[in-house]
$ cat protein.cif   # mmCIF, N, CA and C atoms
data_structure
loop_
_atom_site.label_atom_id
_atom_site.label_comp_id
_atom_site.auth_asym_id
_atom_site.auth_seq_id
_atom_site.Cartn_x
_atom_site.Cartn_y
_atom_site.Cartn_z
N MET A 1 -10.92 25.23 8.55
CA MET A 1 -10.32 24.19 9.35
C MET A 1 -11.04 22.87 9.07
N LEU A 2 -10.29 21.79 9.01
CA LEU A 2 -10.87 20.47 8.76
C LEU A 2 -11.60 19.96 9.99
N ALA A 3 -12.76 19.35 9.76
CA ALA A 3 -13.52 18.80 10.87
C ALA A 3 -12.84 17.56 11.43
N THR A 4 -12.22 16.76 10.56
CA THR A 4 -11.52 15.56 10.97
C THR A 4 -10.05 15.69 10.58
N PRO A 5 -9.13 15.67 11.53
CA PRO A 5 -7.72 15.81 11.17
C PRO A 5 -7.23 14.60 10.37
N ILE A 6 -6.33 14.86 9.45
CA ILE A 6 -5.74 13.79 8.65
C ILE A 6 -4.52 13.26 9.41
N ASN A 7 -4.50 11.96 9.69
CA ASN A 7 -3.44 11.38 10.49
C ASN A 7 -2.39 10.67 9.67
N ARG A 8 -2.46 10.75 8.35
CA ARG A 8 -1.50 10.05 7.52
C ARG A 8 -0.41 10.99 7.05
N GLN A 9 0.82 10.51 7.10
CA GLN A 9 1.95 11.30 6.64
C GLN A 9 2.08 11.20 5.12
N TYR A 10 1.64 10.08 4.53
CA TYR A 10 1.78 9.86 3.10
C TYR A 10 0.42 9.67 2.45
N VAL A 11 0.35 10.04 1.17
CA VAL A 11 -0.87 9.86 0.39
C VAL A 11 -0.94 8.40 -0.05
N ARG A 12 -2.15 7.83 -0.03
CA ARG A 12 -2.40 6.44 -0.42
C ARG A 12 -3.01 6.37 -1.79
N THR A 13 -2.84 5.22 -2.45
CA THR A 13 -3.55 4.97 -3.69
C THR A 13 -4.10 3.56 -3.71
N ASP A 14 -5.23 3.42 -4.37
CA ASP A 14 -5.78 2.09 -4.62
C ASP A 14 -5.97 1.91 -6.13
N ASN A 15 -5.30 2.75 -6.92
CA ASN A 15 -5.41 2.72 -8.38
C ASN A 15 -4.38 1.81 -9.03
N TRP A 16 -3.49 1.23 -8.28
CA TRP A 16 -2.43 0.40 -8.83
C TRP A 16 -2.77 -1.07 -8.74
N SER A 17 -2.06 -1.87 -9.51
CA SER A 17 -2.12 -3.31 -9.39
C SER A 17 -0.87 -3.74 -8.62
N VAL A 18 -1.07 -4.23 -7.40
CA VAL A 18 0.05 -4.65 -6.56
C VAL A 18 -0.20 -6.07 -6.08
N THR A 19 0.72 -6.95 -6.36
CA THR A 19 0.65 -8.31 -5.83
C THR A 19 1.83 -8.48 -4.87
N ALA A 20 1.67 -9.43 -3.98
CA ALA A 20 2.70 -9.59 -2.96
C ALA A 20 2.79 -11.03 -2.49
N SER A 21 3.97 -11.37 -2.03
CA SER A 21 4.19 -12.57 -1.23
C SER A 21 4.56 -12.06 0.14
N VAL A 22 4.05 -12.71 1.17
CA VAL A 22 4.28 -12.26 2.54
C VAL A 22 4.74 -13.43 3.40
N SER A 23 5.63 -13.11 4.34
CA SER A 23 6.16 -14.12 5.24
C SER A 23 6.40 -13.48 6.61
N LYS A 24 6.16 -14.27 7.66
CA LYS A 24 6.57 -13.79 8.99
C LYS A 24 8.08 -13.71 9.01
N SER A 25 8.61 -12.76 9.71
CA SER A 25 10.05 -12.53 9.72
C SER A 25 10.84 -13.76 10.16
N ASP A 26 10.27 -14.56 11.04
CA ASP A 26 10.99 -15.73 11.56
C ASP A 26 10.62 -17.02 10.83
N SER A 27 9.94 -16.89 9.68
CA SER A 27 9.48 -18.06 8.95
C SER A 27 9.99 -18.03 7.51
N ALA A 28 10.21 -19.21 6.95
CA ALA A 28 10.62 -19.29 5.55
C ALA A 28 9.41 -19.54 4.65
N GLU A 29 8.23 -19.67 5.24
CA GLU A 29 7.01 -19.97 4.49
C GLU A 29 6.39 -18.67 3.95
N TRP A 30 6.20 -18.62 2.62
CA TRP A 30 5.64 -17.44 1.97
C TRP A 30 4.21 -17.72 1.52
N HIS A 31 3.35 -16.69 1.59
CA HIS A 31 1.94 -16.80 1.19
C HIS A 31 1.61 -15.66 0.24
N ASP A 32 0.67 -15.92 -0.67
CA ASP A 32 0.22 -14.90 -1.59
C ASP A 32 -0.66 -13.89 -0.86
N ALA A 33 -0.60 -12.64 -1.33
CA ALA A 33 -1.43 -11.58 -0.77
C ALA A 33 -1.79 -10.61 -1.88
N SER A 34 -2.92 -9.95 -1.71
CA SER A 34 -3.35 -8.90 -2.63
C SER A 34 -3.30 -7.58 -1.87
N VAL A 35 -2.68 -6.59 -2.46
CA VAL A 35 -2.57 -5.28 -1.82
C VAL A 35 -3.73 -4.41 -2.29
N LEU A 36 -4.55 -3.95 -1.33
CA LEU A 36 -5.71 -3.11 -1.66
C LEU A 36 -5.31 -1.66 -1.86
N ASP A 37 -4.43 -1.15 -1.00
CA ASP A 37 -3.89 0.18 -1.20
C ASP A 37 -2.50 0.26 -0.59
N ILE A 38 -1.76 1.26 -1.07
CA ILE A 38 -0.36 1.39 -0.66
C ILE A 38 0.00 2.86 -0.56
N ALA A 39 0.91 3.16 0.34
CA ALA A 39 1.50 4.49 0.51
C ALA A 39 2.96 4.28 0.86
N ALA A 40 3.71 5.34 0.92
CA ALA A 40 5.13 5.23 1.25
C ALA A 40 5.34 4.78 2.69
N GLY A 41 4.30 4.87 3.52
CA GLY A 41 4.42 4.48 4.92
C GLY A 41 3.87 3.11 5.26
N GLY A 42 3.13 2.49 4.32
CA GLY A 42 2.55 1.18 4.62
C GLY A 42 1.56 0.74 3.56
N LEU A 43 0.83 -0.33 3.90
CA LEU A 43 -0.13 -0.88 2.95
C LEU A 43 -1.26 -1.58 3.68
N LEU A 44 -2.30 -1.90 2.92
CA LEU A 44 -3.43 -2.69 3.38
C LEU A 44 -3.49 -3.89 2.46
N PHE A 45 -3.49 -5.12 3.04
CA PHE A 45 -3.48 -6.31 2.19
C PHE A 45 -4.50 -7.35 2.62
N LEU A 46 -4.84 -8.22 1.66
CA LEU A 46 -5.74 -9.35 1.88
C LEU A 46 -4.97 -10.64 1.76
N THR A 47 -5.30 -11.62 2.60
CA THR A 47 -4.63 -12.91 2.56
C THR A 47 -5.52 -14.00 3.15
N ASP A 48 -5.21 -15.24 2.81
CA ASP A 48 -5.89 -16.38 3.43
C ASP A 48 -5.23 -16.72 4.77
N SER A 49 -4.03 -16.21 5.00
CA SER A 49 -3.27 -16.51 6.22
C SER A 49 -3.78 -15.69 7.39
N SER A 50 -3.45 -16.15 8.59
CA SER A 50 -3.86 -15.46 9.80
C SER A 50 -2.64 -14.84 10.48
N TYR A 51 -2.76 -13.57 10.85
CA TYR A 51 -1.68 -12.86 11.55
C TYR A 51 -2.29 -12.12 12.73
N GLU A 52 -1.42 -11.69 13.62
CA GLU A 52 -1.84 -10.95 14.81
C GLU A 52 -1.27 -9.54 14.76
N LYS A 53 -1.95 -8.61 15.41
CA LYS A 53 -1.45 -7.25 15.54
C LYS A 53 -0.07 -7.32 16.20
N GLY A 54 0.90 -6.62 15.63
CA GLY A 54 2.26 -6.63 16.15
C GLY A 54 3.19 -7.60 15.45
N ASP A 55 2.64 -8.51 14.62
CA ASP A 55 3.50 -9.44 13.86
C ASP A 55 4.39 -8.66 12.89
N LEU A 56 5.65 -9.08 12.81
CA LEU A 56 6.58 -8.50 11.84
C LEU A 56 6.53 -9.35 10.57
N LEU A 57 6.33 -8.70 9.44
CA LEU A 57 6.20 -9.40 8.17
C LEU A 57 7.19 -8.87 7.14
N ARG A 58 7.56 -9.75 6.22
CA ARG A 58 8.37 -9.38 5.06
C ARG A 58 7.49 -9.49 3.83
N PHE A 59 7.65 -8.53 2.91
CA PHE A 59 6.86 -8.50 1.69
C PHE A 59 7.78 -8.46 0.48
N ASP A 60 7.42 -9.24 -0.51
CA ASP A 60 8.05 -9.20 -1.82
C ASP A 60 6.97 -8.66 -2.75
N LEU A 61 7.06 -7.38 -3.13
CA LEU A 61 6.01 -6.70 -3.88
C LEU A 61 6.32 -6.62 -5.37
N SER A 62 5.28 -6.67 -6.17
CA SER A 62 5.35 -6.39 -7.60
C SER A 62 4.32 -5.30 -7.87
N ILE A 63 4.82 -4.10 -8.17
CA ILE A 63 3.95 -2.92 -8.30
C ILE A 63 3.83 -2.51 -9.75
N ASP A 64 2.59 -2.41 -10.22
CA ASP A 64 2.31 -1.88 -11.55
C ASP A 64 1.46 -0.62 -11.34
N PRO A 65 2.08 0.57 -11.44
CA PRO A 65 1.33 1.80 -11.20
C PRO A 65 0.28 2.10 -12.28
N MET A 66 0.29 1.31 -13.37
CA MET A 66 -0.67 1.48 -14.45
C MET A 66 -0.74 2.94 -14.89
N THR A 67 0.44 3.50 -15.15
CA THR A 67 0.58 4.90 -15.50
C THR A 67 1.30 5.03 -16.83
N PRO A 68 0.79 5.86 -17.74
CA PRO A 68 1.51 6.07 -19.00
C PRO A 68 2.95 6.52 -18.74
N GLY A 69 3.87 5.95 -19.47
CA GLY A 69 5.29 6.29 -19.30
C GLY A 69 6.02 5.35 -18.37
N ILE A 70 5.28 4.54 -17.61
CA ILE A 70 5.91 3.57 -16.72
C ILE A 70 5.47 2.20 -17.21
N SER A 71 6.36 1.55 -17.96
CA SER A 71 5.99 0.31 -18.62
C SER A 71 6.48 -0.94 -17.90
N GLN A 72 7.18 -0.76 -16.80
CA GLN A 72 7.74 -1.91 -16.10
C GLN A 72 7.02 -2.15 -14.78
N ILE A 73 7.03 -3.40 -14.36
CA ILE A 73 6.60 -3.76 -13.01
C ILE A 73 7.76 -3.39 -12.08
N ILE A 74 7.45 -2.77 -10.97
CA ILE A 74 8.48 -2.33 -10.01
C ILE A 74 8.56 -3.36 -8.89
N PRO A 75 9.68 -4.09 -8.81
CA PRO A 75 9.85 -5.04 -7.70
C PRO A 75 10.35 -4.29 -6.46
N MET A 76 9.89 -4.73 -5.29
CA MET A 76 10.30 -4.06 -4.07
C MET A 76 10.24 -5.05 -2.91
N LYS A 77 11.21 -5.00 -2.04
CA LYS A 77 11.22 -5.81 -0.82
C LYS A 77 11.17 -4.87 0.37
N VAL A 78 10.18 -5.10 1.24
CA VAL A 78 9.99 -4.26 2.41
C VAL A 78 9.62 -5.14 3.61
N ALA A 79 9.67 -4.56 4.79
CA ALA A 79 9.21 -5.25 5.99
C ALA A 79 8.30 -4.28 6.74
N GLY A 80 7.39 -4.85 7.51
CA GLY A 80 6.48 -4.00 8.26
C GLY A 80 5.85 -4.73 9.42
N ILE A 81 5.13 -3.97 10.22
CA ILE A 81 4.45 -4.49 11.39
C ILE A 81 2.94 -4.32 11.21
N ILE A 82 2.19 -5.35 11.58
CA ILE A 82 0.73 -5.27 11.48
C ILE A 82 0.24 -4.32 12.56
N THR A 83 -0.48 -3.29 12.12
CA THR A 83 -1.01 -2.30 13.05
C THR A 83 -2.49 -2.50 13.33
N ASP A 84 -3.19 -3.24 12.43
CA ASP A 84 -4.62 -3.42 12.63
C ASP A 84 -5.13 -4.61 11.82
N ASP A 85 -6.05 -5.34 12.41
CA ASP A 85 -6.78 -6.41 11.72
C ASP A 85 -8.08 -5.76 11.24
N ARG A 86 -8.28 -5.69 9.94
CA ARG A 86 -9.44 -5.02 9.35
C ARG A 86 -10.60 -5.95 9.06
N GLY A 87 -10.55 -7.17 9.59
CA GLY A 87 -11.66 -8.09 9.43
C GLY A 87 -11.62 -8.85 8.12
N VAL A 88 -12.77 -9.34 7.68
CA VAL A 88 -12.86 -10.17 6.49
C VAL A 88 -13.45 -9.36 5.34
N ARG A 89 -12.79 -9.46 4.18
CA ARG A 89 -13.26 -8.82 2.95
C ARG A 89 -13.13 -9.85 1.84
N ASP A 90 -14.19 -10.07 1.13
CA ASP A 90 -14.18 -11.04 0.02
C ASP A 90 -13.65 -12.41 0.45
N GLY A 91 -13.96 -12.82 1.67
CA GLY A 91 -13.57 -14.14 2.17
C GLY A 91 -12.12 -14.24 2.62
N LYS A 92 -11.39 -13.12 2.65
CA LYS A 92 -9.99 -13.13 3.08
C LYS A 92 -9.81 -12.15 4.23
N ARG A 93 -8.73 -12.33 4.99
CA ARG A 93 -8.42 -11.43 6.10
C ARG A 93 -7.74 -10.18 5.57
N ALA A 94 -8.09 -9.03 6.10
CA ALA A 94 -7.48 -7.75 5.71
C ALA A 94 -6.66 -7.22 6.88
N PHE A 95 -5.43 -6.79 6.59
CA PHE A 95 -4.53 -6.28 7.62
C PHE A 95 -3.87 -4.98 7.15
N SER A 96 -3.70 -4.04 8.08
CA SER A 96 -2.94 -2.81 7.84
C SER A 96 -1.52 -3.04 8.30
N VAL A 97 -0.56 -2.53 7.54
CA VAL A 97 0.86 -2.69 7.86
C VAL A 97 1.57 -1.34 7.77
N LYS A 98 2.39 -1.07 8.75
CA LYS A 98 3.26 0.11 8.73
C LYS A 98 4.66 -0.39 8.40
N PHE A 99 5.28 0.21 7.37
CA PHE A 99 6.62 -0.21 7.00
C PHE A 99 7.62 0.11 8.10
N THR A 100 8.46 -0.89 8.41
CA THR A 100 9.55 -0.69 9.37
C THR A 100 10.90 -0.76 8.68
N GLU A 101 10.94 -1.42 7.52
CA GLU A 101 12.16 -1.51 6.72
C GLU A 101 11.80 -1.26 5.26
N ILE A 102 12.24 -0.11 4.78
CA ILE A 102 12.07 0.25 3.37
C ILE A 102 13.20 1.22 3.05
N SER A 103 13.82 1.04 1.91
CA SER A 103 14.91 1.95 1.56
C SER A 103 14.35 3.34 1.32
N SER A 104 15.14 4.36 1.59
CA SER A 104 14.67 5.72 1.37
C SER A 104 14.35 5.94 -0.10
N LYS A 105 15.10 5.29 -0.99
CA LYS A 105 14.84 5.39 -2.43
C LYS A 105 13.45 4.83 -2.77
N ASP A 106 13.11 3.67 -2.21
CA ASP A 106 11.81 3.07 -2.47
C ASP A 106 10.68 3.89 -1.85
N ARG A 107 10.91 4.44 -0.65
CA ARG A 107 9.88 5.26 0.00
C ARG A 107 9.57 6.50 -0.86
N ILE A 108 10.63 7.15 -1.33
CA ILE A 108 10.46 8.33 -2.19
C ILE A 108 9.78 7.94 -3.50
N ARG A 109 10.20 6.82 -4.08
CA ARG A 109 9.60 6.36 -5.35
C ARG A 109 8.10 6.13 -5.19
N ILE A 110 7.69 5.42 -4.13
CA ILE A 110 6.27 5.18 -3.91
C ILE A 110 5.53 6.50 -3.72
N ASP A 111 6.05 7.37 -2.87
CA ASP A 111 5.37 8.63 -2.57
C ASP A 111 5.20 9.48 -3.83
N GLU A 112 6.24 9.61 -4.62
CA GLU A 112 6.15 10.42 -5.84
C GLU A 112 5.20 9.80 -6.86
N LEU A 113 5.27 8.47 -7.03
CA LEU A 113 4.37 7.80 -7.98
C LEU A 113 2.91 7.88 -7.54
N VAL A 114 2.66 7.73 -6.24
CA VAL A 114 1.29 7.83 -5.74
C VAL A 114 0.74 9.22 -6.01
N ARG A 115 1.50 10.24 -5.68
CA ARG A 115 1.05 11.61 -5.90
C ARG A 115 0.80 11.87 -7.38
N MET A 116 1.70 11.41 -8.22
CA MET A 116 1.57 11.61 -9.66
C MET A 116 0.34 10.89 -10.21
N THR A 117 0.17 9.62 -9.85
CA THR A 117 -0.96 8.86 -10.40
C THR A 117 -2.29 9.34 -9.83
N ASN A 118 -2.34 9.73 -8.56
CA ASN A 118 -3.58 10.26 -8.00
C ASN A 118 -3.97 11.56 -8.68
N TYR A 119 -2.99 12.40 -8.95
CA TYR A 119 -3.24 13.68 -9.63
C TYR A 119 -3.73 13.42 -11.05
N MET A 120 -3.08 12.48 -11.77
CA MET A 120 -3.48 12.16 -13.13
C MET A 120 -4.89 11.56 -13.13
N TYR A 121 -5.22 10.74 -12.15
CA TYR A 121 -6.55 10.14 -12.06
C TYR A 121 -7.60 11.22 -11.88
N LYS A 122 -7.31 12.21 -11.03
CA LYS A 122 -8.25 13.30 -10.81
C LYS A 122 -8.43 14.13 -12.08
N LEU A 123 -7.35 14.34 -12.84
CA LEU A 123 -7.44 15.10 -14.08
C LEU A 123 -8.32 14.38 -15.10
N ASP A 124 -8.27 13.06 -15.11
CA ASP A 124 -9.06 12.28 -16.06
C ASP A 124 -10.53 12.18 -15.67
N SER A 125 -10.86 12.49 -14.43
CA SER A 125 -12.25 12.39 -13.99
C SER A 125 -12.97 13.71 -14.24
N ASN A 126 -14.26 13.70 -14.08
CA ASN A 126 -15.05 14.92 -14.23
C ASN A 126 -15.19 15.67 -12.92
N MET A 127 -14.54 15.16 -11.88
CA MET A 127 -14.66 15.76 -10.57
C MET A 127 -13.82 17.04 -10.46
N ASP A 128 -14.37 18.02 -9.82
CA ASP A 128 -13.66 19.25 -9.54
C ASP A 128 -13.23 19.19 -8.07
N TYR A 129 -12.05 19.70 -7.76
CA TYR A 129 -11.58 19.69 -6.38
C TYR A 129 -12.57 20.34 -5.43
N LEU A 130 -13.32 21.31 -5.93
CA LEU A 130 -14.25 22.02 -5.07
C LEU A 130 -15.60 21.31 -4.96
N ASP A 131 -15.80 20.26 -5.77
CA ASP A 131 -17.04 19.48 -5.64
C ASP A 131 -17.04 18.73 -4.32
N ARG A 132 -18.15 18.68 -3.67
CA ARG A 132 -18.25 17.96 -2.40
C ARG A 132 -19.37 16.98 -2.47
#
$ encode --input "protein.cif" --output "structure tokens"
Amino acid sequence: MLATPINRQYVRTDNWSVTASVSKSDSAEWHDASVLDIAAGGLLFLTDSSYEKGDLLRFDLSIDPMTPGISQIIPMKVAGIITDDRGVRDGKRAFSVKFTEISSKDRIRIDELVRMTNYMYKLDSNMDYLDR
């Protein structure tokens, strides 16, 4: 039995290159953001802008899974709600977002690509699953 339960429905990755533009749902002003990690259920991003927990945001994402066989940048438009302010990292604000609007096709695509790239990353490392 696990000592700490896993509360995530989807697997996350931080092995991809993801850039984003973000805007409040009621604003036409867009700001640059860097995505630290992503899953089919949400993301963690850095920005110079300030947001509050509960803010609804729109994202214009450019995803490069950096995986052999996938040679294109994957564009994606999603919306989400800020679930947590993660403080300051590298001089920028970090925020967690749960997706509230994402097509089922895009959700499945992210989930399958994350699982595939995480598995491939583990195969390329010297780590054994049983290593602790």
$ closest_residue --input "protein.cif" --among "A:Leu36, A:Leu57, A:Leu44, A:Val97" --to "A:Val22" --atoms "all atoms listed in the file"
A:Leu57
$ atom_distance --input "protein.cif" --atom1 "atom N of A:Ser34" --atom2 "atom N of A:Ser104"
23.3 Å
$ resolve_selection --input "protein.cif" --expression "the PyMOL selection byres ((chain A and resi 47) around 5)" --output "compact mmCIF listing (two decimals) with N, CA and C atoms, in the frame of the given file"
# COMPACT_ATOMS: atom_id res chain seq x y z
N ALA A 33 -0.60 -12.64 -1.33
CA ALA A 33 -1.43 -11.58 -0.77
C ALA A 33 -1.79 -10.61 -1.88
N PHE A 45 -3.49 -5.12 3.04
CA PHE A 45 -3.48 -6.31 2.19
C PHE A 45 -4.50 -7.35 2.62
N LEU A 46 -4.84 -8.22 1.66
CA LEU A 46 -5.74 -9.35 1.88
C LEU A 46 -4.97 -10.64 1.76
N ASP A 48 -5.21 -15.24 2.81
CA ASP A 48 -5.89 -16.38 3.43
C ASP A 48 -5.23 -16.72 4.77
N SER A 49 -4.03 -16.21 5.00
CA SER A 49 -3.27 -16.51 6.22
C SER A 49 -3.78 -15.69 7.39
N LYS A 92 -11.39 -13.12 2.65
CA LYS A 92 -9.99 -13.13 3.08
C LYS A 92 -9.81 -12.15 4.23
N ARG A 93 -8.73 -12.33 4.99
CA ARG A 93 -8.42 -11.43 6.10
C ARG A 93 -7.74 -10.18 5.57
$ resolve_selection --input "protein.cif" --expression "the PyMOL selection byres (((chain A and resi 43 and name CA) around 10) and name CA)" --output "ChimeraX atom specification"
/A:12-14,35-42,44-45,80,82,95-99
$ write_last_selection --input "protein.cif" --atoms "N, CA and C atoms" --output "PDB file, in the coordinates of the input"
ATOM      1  N   ARG A  12      -2.150   7.830  -0.030  1.00  0.00           N
ATOM      2  CA  ARG A  12      -2.400   6.440  -0.420  1.00  0.00           C
ATOM      3  C   ARG A  12      -3.010   6.370  -1.790  1.00  0.00           C
ATOM      4  N   THR A  13      -2.840   5.220  -2.450  1.00  0.00           N
ATOM      5  CA  THR A  13      -3.550   4.970  -3.690  1.00  0.00           C
ATOM      6  C   THR A  13      -4.100   3.560  -3.710  1.00  0.00           C
ATOM      7  N   ASP A  14      -5.230   3.420  -4.370  1.00  0.00           N
ATOM      8  CA  ASP A  14      -5.780   2.090  -4.620  1.00  0.00           C
ATOM      9  C   ASP A  14      -5.970   1.910  -6.130  1.00  0.00           C
ATOM     10  N   VAL A  35      -2.680  -6.590  -2.460  1.00  0.00           N
ATOM     11  CA  VAL A  35      -2.570  -5.280  -1.820  1.00  0.00           C
ATOM     12  C   VAL A  35      -3.730  -4.410  -2.290  1.00  0.00           C
ATOM     13  N   LEU A  36      -4.550  -3.950  -1.330  1.00  0.00           N
ATOM     14  CA  LEU A  36      -5.710  -3.110  -1.660  1.00  0.00           C
ATOM     15  C   LEU A  36      -5.310  -1.660  -1.860  1.00  0.00           C
ATOM     16  N   ASP A  37      -4.430  -1.150  -1.000  1.00  0.00           N
ATOM     17  CA  ASP A  37      -3.890   0.180  -1.200  1.00  0.00           C
ATOM     18  C   ASP A  37      -2.500   0.260  -0.590  1.00  0.00           C
ATOM     19  N   ILE A  38      -1.760   1.260  -1.070  1.00  0.00           N
ATOM     20  CA  ILE A  38      -0.360   1.390  -0.660  1.00  0.00           C
ATOM     21  C   ILE A  38       0.000   2.860  -0.560  1.00  0.00           C
ATOM     22  N   ALA A  39       0.910   3.160   0.340  1.00  0.00           N
ATOM     23  CA  ALA A  39       1.500   4.490   0.510  1.00  0.00           C
ATOM     24  C   ALA A  39       2.960   4.280   0.860  1.00  0.00           C
ATOM     25  N   ALA A  40       3.710   5.340   0.920  1.00  0.00           N
ATOM     26  CA  ALA A  40       5.130   5.230   1.250  1.00  0.00           C
ATOM     27  C   ALA A  40       5.340   4.780   2.690  1.00  0.00           C
ATOM     28  N   GLY A  41       4.300   4.870   3.520  1.00  0.00           N
ATOM     29  CA  GLY A  41       4.420   4.480   4.920  1.00  0.00           C
ATOM     30  C   GLY A  41       3.870   3.110   5.260  1.00  0.00           C
ATOM     31  N   GLY A  42       3.130   2.490   4.320  1.00  0.00           N
ATOM     32  CA  GLY A  42       2.550   1.180   4.620  1.00  0.00           C
ATOM     33  C   GLY A  42       1.560   0.740   3.560  1.00  0.00           C
ATOM     34  N   LEU A  44      -2.300  -1.900   2.920  1.00  0.00           N
ATOM     35  CA  LEU A  44      -3.430  -2.690   3.380  1.00  0.00           C
ATOM     36  C   LEU A  44      -3.490  -3.890   2.460  1.00  0.00           C
ATOM     37  N   PHE A  45      -3.490  -5.120   3.040  1.00  0.00           N
ATOM     38  CA  PHE A  45      -3.480  -6.310   2.190  1.00  0.00           C
ATOM     39  C   PHE A  45      -4.500  -7.350   2.620  1.00  0.00           C
ATOM     40  N   GLY A  80       7.390  -4.850   7.510  1.00  0.00           N
ATOM     41  CA  GLY A  80       6.480  -4.000   8.260  1.00  0.00           C
ATOM     42  C   GLY A  80       5.850  -4.730   9.420  1.00  0.00           C
ATOM     43  N   ILE A  82       2.190  -5.350  11.580  1.00  0.00           N
ATOM     44  CA  ILE A  82       0.730  -5.270  11.480  1.00  0.00           C
ATOM     45  C   ILE A  82       0.240  -4.320  12.560  1.00  0.00           C
ATOM     46  N   PHE A  95      -5.430  -6.790   6.590  1.00  0.00           N
ATOM     47  CA  PHE A  95      -4.530  -6.280   7.620  1.00  0.00           C
ATOM     48  C   PHE A  95      -3.870  -4.980   7.150  1.00  0.00           C
ATOM     49  N   SER A  96      -3.700  -4.040   8.080  1.00  0.00           N
ATOM     50  CA  SER A  96      -2.940  -2.810   7.840  1.00  0.00           C
ATOM     51  C   SER A  96      -1.520  -3.040   8.300  1.00  0.00           C
ATOM     52  N   VAL A  97      -0.560  -2.530   7.540  1.00  0.00           N
ATOM     53  CA  VAL A  97       0.860  -2.690   7.860  1.00  0.00           C
ATOM     54  C   VAL A  97       1.570  -1.340   7.770  1.00  0.00           C
ATOM     55  N   LYS A  98       2.390  -1.070   8.750  1.00  0.00           N
ATOM     56  CA  LYS A  98       3.260   0.110   8.730  1.00  0.00           C
ATOM     57  C   LYS A  98       4.660  -0.390   8.400  1.00  0.00           C
ATOM     58  N   PHE A  99       5.280   0.210   7.370  1.00  0.00           N
ATOM     59  CA  PHE A  99       6.620  -0.210   7.000  1.00  0.00           C
ATOM     60  C   PHE A  99       7.620   0.110   8.100  1.00  0.00           C
TER      61      PHE A  99
END
$ residues_around --input "protein.cif" --residues "A:Ile74" --least-positions-apart "2" --cutoff "5 Å" --atoms "only N, CA and C atoms" --output "PyMOL selection string"
chain A and resi 62-64+72+76
$ write_last_selection --input "protein.cif" --atoms "N, CA and C atoms" --output "PDB file, in the frame of the given file"
ATOM      1  N   SER A  62       5.280  -6.670  -6.170  1.00  0.00           N
ATOM      2  CA  SER A  62       5.350  -6.390  -7.600  1.00  0.00           C
ATOM      3  C   SER A  62       4.320  -5.300  -7.870  1.00  0.00           C
ATOM      4  N   ILE A  63       4.820  -4.100  -8.170  1.00  0.00           N
ATOM      5  CA  ILE A  63       3.950  -2.920  -8.300  1.00  0.00           C
ATOM      6  C   ILE A  63       3.830  -2.510  -9.750  1.00  0.00           C
ATOM      7  N   ASP A  64       2.590  -2.410 -10.220  1.00  0.00           N
ATOM      8  CA  ASP A  64       2.310  -1.880 -11.550  1.00  0.00           C
ATOM      9  C   ASP A  64       1.460  -0.620 -11.340  1.00  0.00           C
ATOM     10  N   GLN A  72       7.180  -0.760 -16.800  1.00  0.00           N
ATOM     11  CA  GLN A  72       7.740  -1.910 -16.100  1.00  0.00           C
ATOM     12  C   GLN A  72       7.020  -2.150 -14.780  1.00  0.00           C
ATOM     13  N   MET A  76       9.890  -4.730  -5.290  1.00  0.00           N
ATOM     14  CA  MET A  76      10.300  -4.060  -4.070  1.00  0.00           C
ATOM     15  C   MET A  76      10.240  -5.050  -2.910  1.00  0.00           C
TER      16      MET A  76
END
